[in-house]
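Student: Provided below: data_27.pdb, containing PDB, C-alpha atoms.
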ATOM      1  CA  MET T   1    -125.365  39.233  13.946
ATOM      2  CA  GLU T   2    -123.524  41.044  11.189
ATOM      3  CA  GLN T   3    -125.500  42.802   8.423
ATOM      4  CA  LYS T   4    -124.149  40.415   5.756
ATOM      5  CA  ASP T   5    -125.298  37.448   7.870
ATOM      6  CA  LEU T   6    -128.817  38.862   8.194
ATOM      7  CA  LEU T   7    -128.987  39.660   4.489
ATOM      8  CA  PHE T   8    -127.772  36.180   3.572
ATOM      9  CA  LYS T   9    -130.303  34.515   5.893
ATOM     10  CA  GLN T  10    -133.104  36.522   4.290
ATOM     11  CA  ILE T  11    -131.852  35.661   0.786
ATOM     12  CA  PHE T  12    -131.600  31.978   1.698
ATOM     13  CA  ASP T  13    -135.066  31.875   3.287
ATOM     14  CA  THR T  14    -136.618  33.577   0.255
ATOM     15  CA  ASN T  15    -134.892  31.515  -2.458
ATOM     16  CA  SER T  16    -133.855  28.125  -1.090
ATOM     17  CA  LYS T  17    -137.096  26.259  -1.825
ATOM     18  CA  LYS T  18    -137.114  27.233  -5.517
ATOM     19  CA  ILE T  19    -133.396  26.541  -5.878
ATOM     20  CA  PHE T  20    -133.824  23.109  -4.293
ATOM     21  CA  HIS T  21    -136.660  22.404  -6.738
ATOM     22  CA  LEU T  22    -134.437  23.457  -9.644
ATOM     23  CA  CYS T  23    -131.550  21.262  -8.435
ATOM     24  CA  TYR T  24    -133.888  18.330  -7.840
ATOM     25  CA  GLY T  25    -135.276  18.741 -11.345
ATOM     26  CA  TYR T  26    -131.767  18.401 -12.733
ATOM     27  CA  THR T  27    -130.644  15.483 -10.583
ATOM     28  CA  GLY T  28    -133.772  13.566  -9.607
ATOM     29  CA  ASP T  29    -131.967  12.825  -6.348
ATOM     30  CA  LYS T  30    -132.755  14.570  -3.047
ATOM     31  CA  ASP T  31    -129.251  14.141  -1.611
ATOM     32  CA  ALA T  32    -127.566  15.478  -4.743
ATOM     33  CA  ALA T  33    -130.098  18.329  -4.890
ATOM     34  CA  ASN T  34    -129.328  19.236  -1.268
ATOM     35  CA  ASP T  35    -125.589  19.177  -2.028
ATOM     36  CA  LEU T  36    -126.118  21.428  -5.049
ATOM     37  CA  LEU T  37    -128.339  23.732  -3.001
ATOM     38  CA  GLN T  38    -125.581  24.068  -0.391
ATOM     39  CA  GLU T  39    -122.924  24.587  -3.060
ATOM     40  CA  THR T  40    -125.068  27.258  -4.737
ATOM     41  CA  PHE T  41    -125.589  29.188  -1.527
ATOM     42  CA  LEU T  42    -121.927  28.836  -0.577
ATOM     43  CA  LYS T  43    -121.121  30.586  -3.878
ATOM     44  CA  VAL T  44    -123.807  33.184  -3.145
ATOM     45  CA  TRP T  45    -122.244  33.842   0.283
ATOM     46  CA  GLN T  46    -118.729  34.051  -1.171
ATOM     47  CA  ASN T  47    -119.794  36.450  -3.932
ATOM     48  CA  LEU T  48    -122.490  38.481  -2.185
ATOM     49  CA  ASP T  49    -120.204  41.526  -2.046
ATOM     50  CA  LYS T  50    -119.811  41.315  -5.849
ATOM     51  CA  PHE T  51    -123.557  41.445  -6.552
ATOM     52  CA  ARG T  52    -124.205  44.786  -8.262
ATOM     53  CA  ASN T  53    -128.028  44.954  -8.355
ATOM     54  CA  LYS T  54    -128.031  44.972 -12.166
ATOM     55  CA  SER T  55    -130.627  42.217 -11.986
ATOM     56  CA  LEU T  56    -132.873  40.798  -9.298
ATOM     57  CA  ILE T  57    -130.944  38.854  -6.689
ATOM     58  CA  SER T  58    -133.154  35.824  -7.379
ATOM     59  CA  THR T  59    -132.096  35.964 -11.057
ATOM     60  CA  TRP T  60    -128.449  36.067 -10.013
ATOM     61  CA  ILE T  61    -128.967  33.104  -7.668
ATOM     62  CA  TYR T  62    -130.758  31.101 -10.388
ATOM     63  CA  ARG T  63    -127.794  31.654 -12.711
ATOM     64  CA  ILE T  64    -125.399  30.427 -10.029
ATOM     65  CA  ALA T  65    -127.624  27.379  -9.375
ATOM     66  CA  ILE T  66    -127.928  26.553 -13.080
ATOM     67  CA  ASN T  67    -124.161  26.753 -13.566
ATOM     68  CA  THR T  68    -123.628  24.633 -10.458
ATOM     69  CA  CYS T  69    -126.104  22.016 -11.727
ATOM     70  CA  LEU T  70    -124.598  21.959 -15.221
ATOM     71  CA  THR T  71    -121.092  21.530 -13.794
ATOM     72  CA  TYR T  72    -122.383  18.674 -11.644
ATOM     73  CA  LEU T  73    -124.054  16.998 -14.627
ATOM     74  CA  ARG T  74    -120.891  17.297 -16.738
ATOM     75  CA  SER T  75    -118.848  15.735 -13.928
ATOM     76  CA  GLU T  76    -121.402  12.929 -13.665
ATOM     77  CA  LYS T  77    -120.834  11.846 -17.300
ATOM     78  CA  ARG T  78    -119.877   8.398 -16.005
ATOM     79  CA  GLN T  79    -123.557   8.081 -15.146
ATOM     80  CA  GLY T  80    -124.978   8.263 -18.649
ATOM     81  CA  LYS T  81    -127.729  10.729 -19.562
ATOM     82  CA  GLU T  82    -130.198   7.888 -20.062
ATOM     83  CA  GLU T  83    -129.527   6.594 -16.566
ATOM     84  CA  LEU T  84    -129.907  10.102 -15.164
ATOM     85  CA  THR T  85    -133.172  10.570 -17.055
ATOM     86  CA  ASP T  86    -134.393   7.224 -15.731
ATOM     87  CA  ASN T  87    -133.532   8.358 -12.187
ATOM     88  CA  ILE T  88    -135.518  11.549 -12.655
ATOM     89  CA  ILE T  89    -138.478   9.558 -13.962
ATOM     90  CA  GLU T  90    -138.309   6.986 -11.159
ATOM     91  CA  ASN T  91    -137.981   9.579  -8.404
ATOM     92  CA  ARG T  92    -140.651  11.877  -9.763
ATOM     93  CA  VAL T  93    -143.074   9.055 -10.522
ATOM     94  CA  GLU T  94    -142.493   7.574  -7.074
ATOM     95  CA  GLU T  95    -142.966  10.992  -5.477
ATOM     96  CA  TYR T  96    -146.193  11.813  -7.278
ATOM     97  CA  SER T  97    -147.886   8.538  -8.260
ATOM     98  CA  ASP T  98    -149.713   8.302  -4.946
ATOM     99  CA  LYS T  99    -150.996  11.846  -5.341
ATOM    100  CA  ASN T 100    -151.718  12.133  -8.995
ATOM    101  CA  GLU T 101    -150.940   9.923 -11.983
ATOM    102  CA  GLN T 102    -151.177  12.872 -14.372
ATOM    103  CA  VAL T 103    -148.507  14.820 -12.497
ATOM    104  CA  ALA T 104    -146.236  11.766 -12.615
ATOM    105  CA  LEU T 105    -146.807  11.570 -16.357
ATOM    106  CA  LEU T 106    -146.030  15.287 -16.695
ATOM    107  CA  TYR T 107    -142.661  14.867 -14.946
ATOM    108  CA  LYS T 108    -141.899  11.820 -17.044
ATOM    109  CA  SER T 109    -142.573  13.963 -20.122
ATOM    110  CA  ILE T 110    -140.487  16.871 -18.805
ATOM    111  CA  SER T 111    -137.533  14.540 -18.237
ATOM    112  CA  LYS T 112    -137.549  13.757 -21.982
ATOM    113  CA  LEU T 113    -137.051  17.418 -22.961
ATOM    114  CA  GLU T 114    -133.724  18.961 -23.929
ATOM    115  CA  GLU T 115    -131.707  20.329 -20.997
ATOM    116  CA  ASN T 116    -132.466  24.018 -21.763
ATOM    117  CA  ASP T 117    -136.165  23.334 -22.291
ATOM    118  CA  ARG T 118    -136.294  21.435 -18.971
ATOM    119  CA  LEU T 119    -134.720  24.427 -17.261
ATOM    120  CA  ILE T 120    -137.183  26.914 -18.775
ATOM    121  CA  ILE T 121    -140.291  24.825 -18.063
ATOM    122  CA  THR T 122    -139.095  24.248 -14.478
ATOM    123  CA  MET T 123    -138.905  28.018 -13.978
ATOM    124  CA  VAL T 124    -142.370  28.416 -15.547
ATOM    125  CA  LEU T 125    -143.736  25.783 -13.151
ATOM    126  CA  ASP T 126    -142.033  27.663 -10.295
ATOM    127  CA  GLU T 127    -144.055  30.691 -11.470
ATOM    128  CA  LEU T 128    -141.061  32.916 -12.125
ATOM    129  CA  PRO T 129    -142.028  36.038 -14.087
ATOM    130  CA  TYR T 130    -141.211  35.821 -17.803
ATOM    131  CA  HIS T 131    -138.850  38.817 -17.666
ATOM    132  CA  GLU T 132    -136.823  37.022 -14.999
ATOM    133  CA  ILE T 133    -136.758  33.729 -16.943
ATOM    134  CA  ALA T 134    -135.642  35.686 -20.041
ATOM    135  CA  GLU T 135    -132.806  37.291 -18.097
ATOM    136  CA  ILE T 136    -131.694  33.987 -16.560
ATOM    137  CA  SER T 137    -131.783  32.126 -19.875
ATOM    138  CA  GLY T 138    -130.225  35.003 -21.822
ATOM    139  CA  ILE T 139    -132.950  35.366 -24.448
ATOM    140  CA  SER T 140    -135.395  38.175 -25.128
ATOM    141  CA  GLU T 141    -138.822  38.024 -23.533
ATOM    142  CA  GLY T 142    -140.454  37.777 -26.988
ATOM    143  CA  ASN T 143    -138.275  34.821 -27.952
ATOM    144  CA  LEU T 144    -138.923  33.288 -24.539
ATOM    145  CA  ARG T 145    -142.684  33.387 -25.089
ATOM    146  CA  VAL T 146    -142.262  31.620 -28.445
ATOM    147  CA  LYS T 147    -139.894  29.068 -26.867
ATOM    148  CA  ILE T 148    -142.305  28.383 -23.980
ATOM    149  CA  HIS T 149    -145.141  27.908 -26.476
ATOM    150  CA  ARG T 150    -143.013  25.361 -28.394
ATOM    151  CA  ILE T 151    -141.959  23.613 -25.181
ATOM    152  CA  LYS T 152    -145.610  23.303 -24.150
ATOM    153  CA  GLN T 153    -146.475  21.842 -27.581
ATOM    154  CA  LYS T 154    -143.599  19.348 -27.271
ATOM    155  CA  LEU T 155    -144.684  18.487 -23.725
ATOM    156  CA  THR T 156    -148.240  17.908 -24.923
ATOM    157  CA  GLU T 157    -146.934  15.511 -27.604
ATOM    158  CA  LEU T 158    -144.741  13.662 -25.105
ATOM    159  CA  TYR T 159    -147.531  13.546 -22.542
ATOM    160  CA  ASN T 160    -149.987  12.124 -25.078
ATOM    161  CA  GLN T 161    -147.427   9.515 -26.202
ATOM    162  CA  HIS T 162    -146.872   8.381 -22.609
ATOM    163  CA  ALA T 163    -150.598   8.430 -21.861
ATOM    164  CA  ARG T 164    -151.201   5.948 -24.700
ATOM    165  CA  ILE T 165    -148.608   3.487 -23.395
TER     166      ILE T 165
END
Once you've parsed the file, please lay out its structure as structure tokens.
Tutor:
Amino acid sequence: MEQKDLLFKQIFDTNSKKIFHLCYGYTGDKDAANDLLQETFLKVWQNLDKFRNKSLISTWIYRIAINTCLTYLRSEKRQGKEELTDNIIENRVEEYSDKNEQVALLYKSISKLEENDRLIITMVLDELPYHEIAEISGISEGNLRVKIHRIKQKLTELYNQHARI
């Protein structure tokens, strides 16, 4: 096996689960998430020689995945945002309701956040280090901490609203 092949396999094995989770968070659909995962790693493969180690490779891959997801969402405009949000809610609730009603409620609340906030909180839930999230989202680590604090406050409000229903 060629060195690039081995490197790519290692990169895929290390990052694919988190990237799938990110794609699934955007689409709420396992098939679409798998397609986006494949598209992301196809772009990684095609551009691996261009990676310059100026950031962590996982940060670079997250950026590719985010751009791939955003392009997909823009092309899916015919499926309105409300319908997409409903799909996320249905799929997440269905996936977690057996296990834990509170987790289902959390995902329902997350789906109501703005697109950028959803992205950031997904990375927080994936336990990415703050410096990496800051680099991916293009904001300073200090601003990120403030933003995460505000997102958590908003999530708490949304969660409490849904819990009362």
Student: Would you work out the distance separating atom CA of T:Ser55 from atom CA of T:Val146, expressed in Å to one decimal?
Tutor: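 These two atoms are separated by 22.8 Å.
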Student: Pick from T:Asn116, T:Tyr159, T:Leu22, T:Arg145: nearest to T:Pro129, with only C-alpha atoms counted?
Tutor: T:Arg145
Student: Select, from T:Lys108, T:Lys18, T:Lys147, T:Lys43, the residue with the minimum atom-to-atom distance to T:Asn160, counting all atoms listed in the file.
Tutor: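 Among the listed residues, the smallest separation from T:Asn160 belongs to T:Lys108.
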Student: One number please: atom CA of T:Ile61 to atom CA of T:Val44, in Å, one decimal.
Tutor: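 Computed distance, atom CA of T:Ile61 to atom CA of T:Val44, equals 6.9 Å.
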Student: Report the residues retrieved by the PyMOL selection byres ((chain T and resi 33) around 12) from the displayed file, expressed as a PyMOL selection string.
Tutor: chain T and resi 16-32+34-40+65-66+68-69+72-73+88
Student: Determine the residue membership of the PyMOL selection byres ((chain T and resi 144) around 12) for the file above and supply it as a ChimeraX atom specification.
Tutor: /T:116-117,120-121,123-124,129-143,145-151
Student: So the first atom is atom CA of T:Phe8 and the second is atom CA of T:Glu127; what is the distance between them in Å, to one decimal place?
Tutor: 22.8 Å
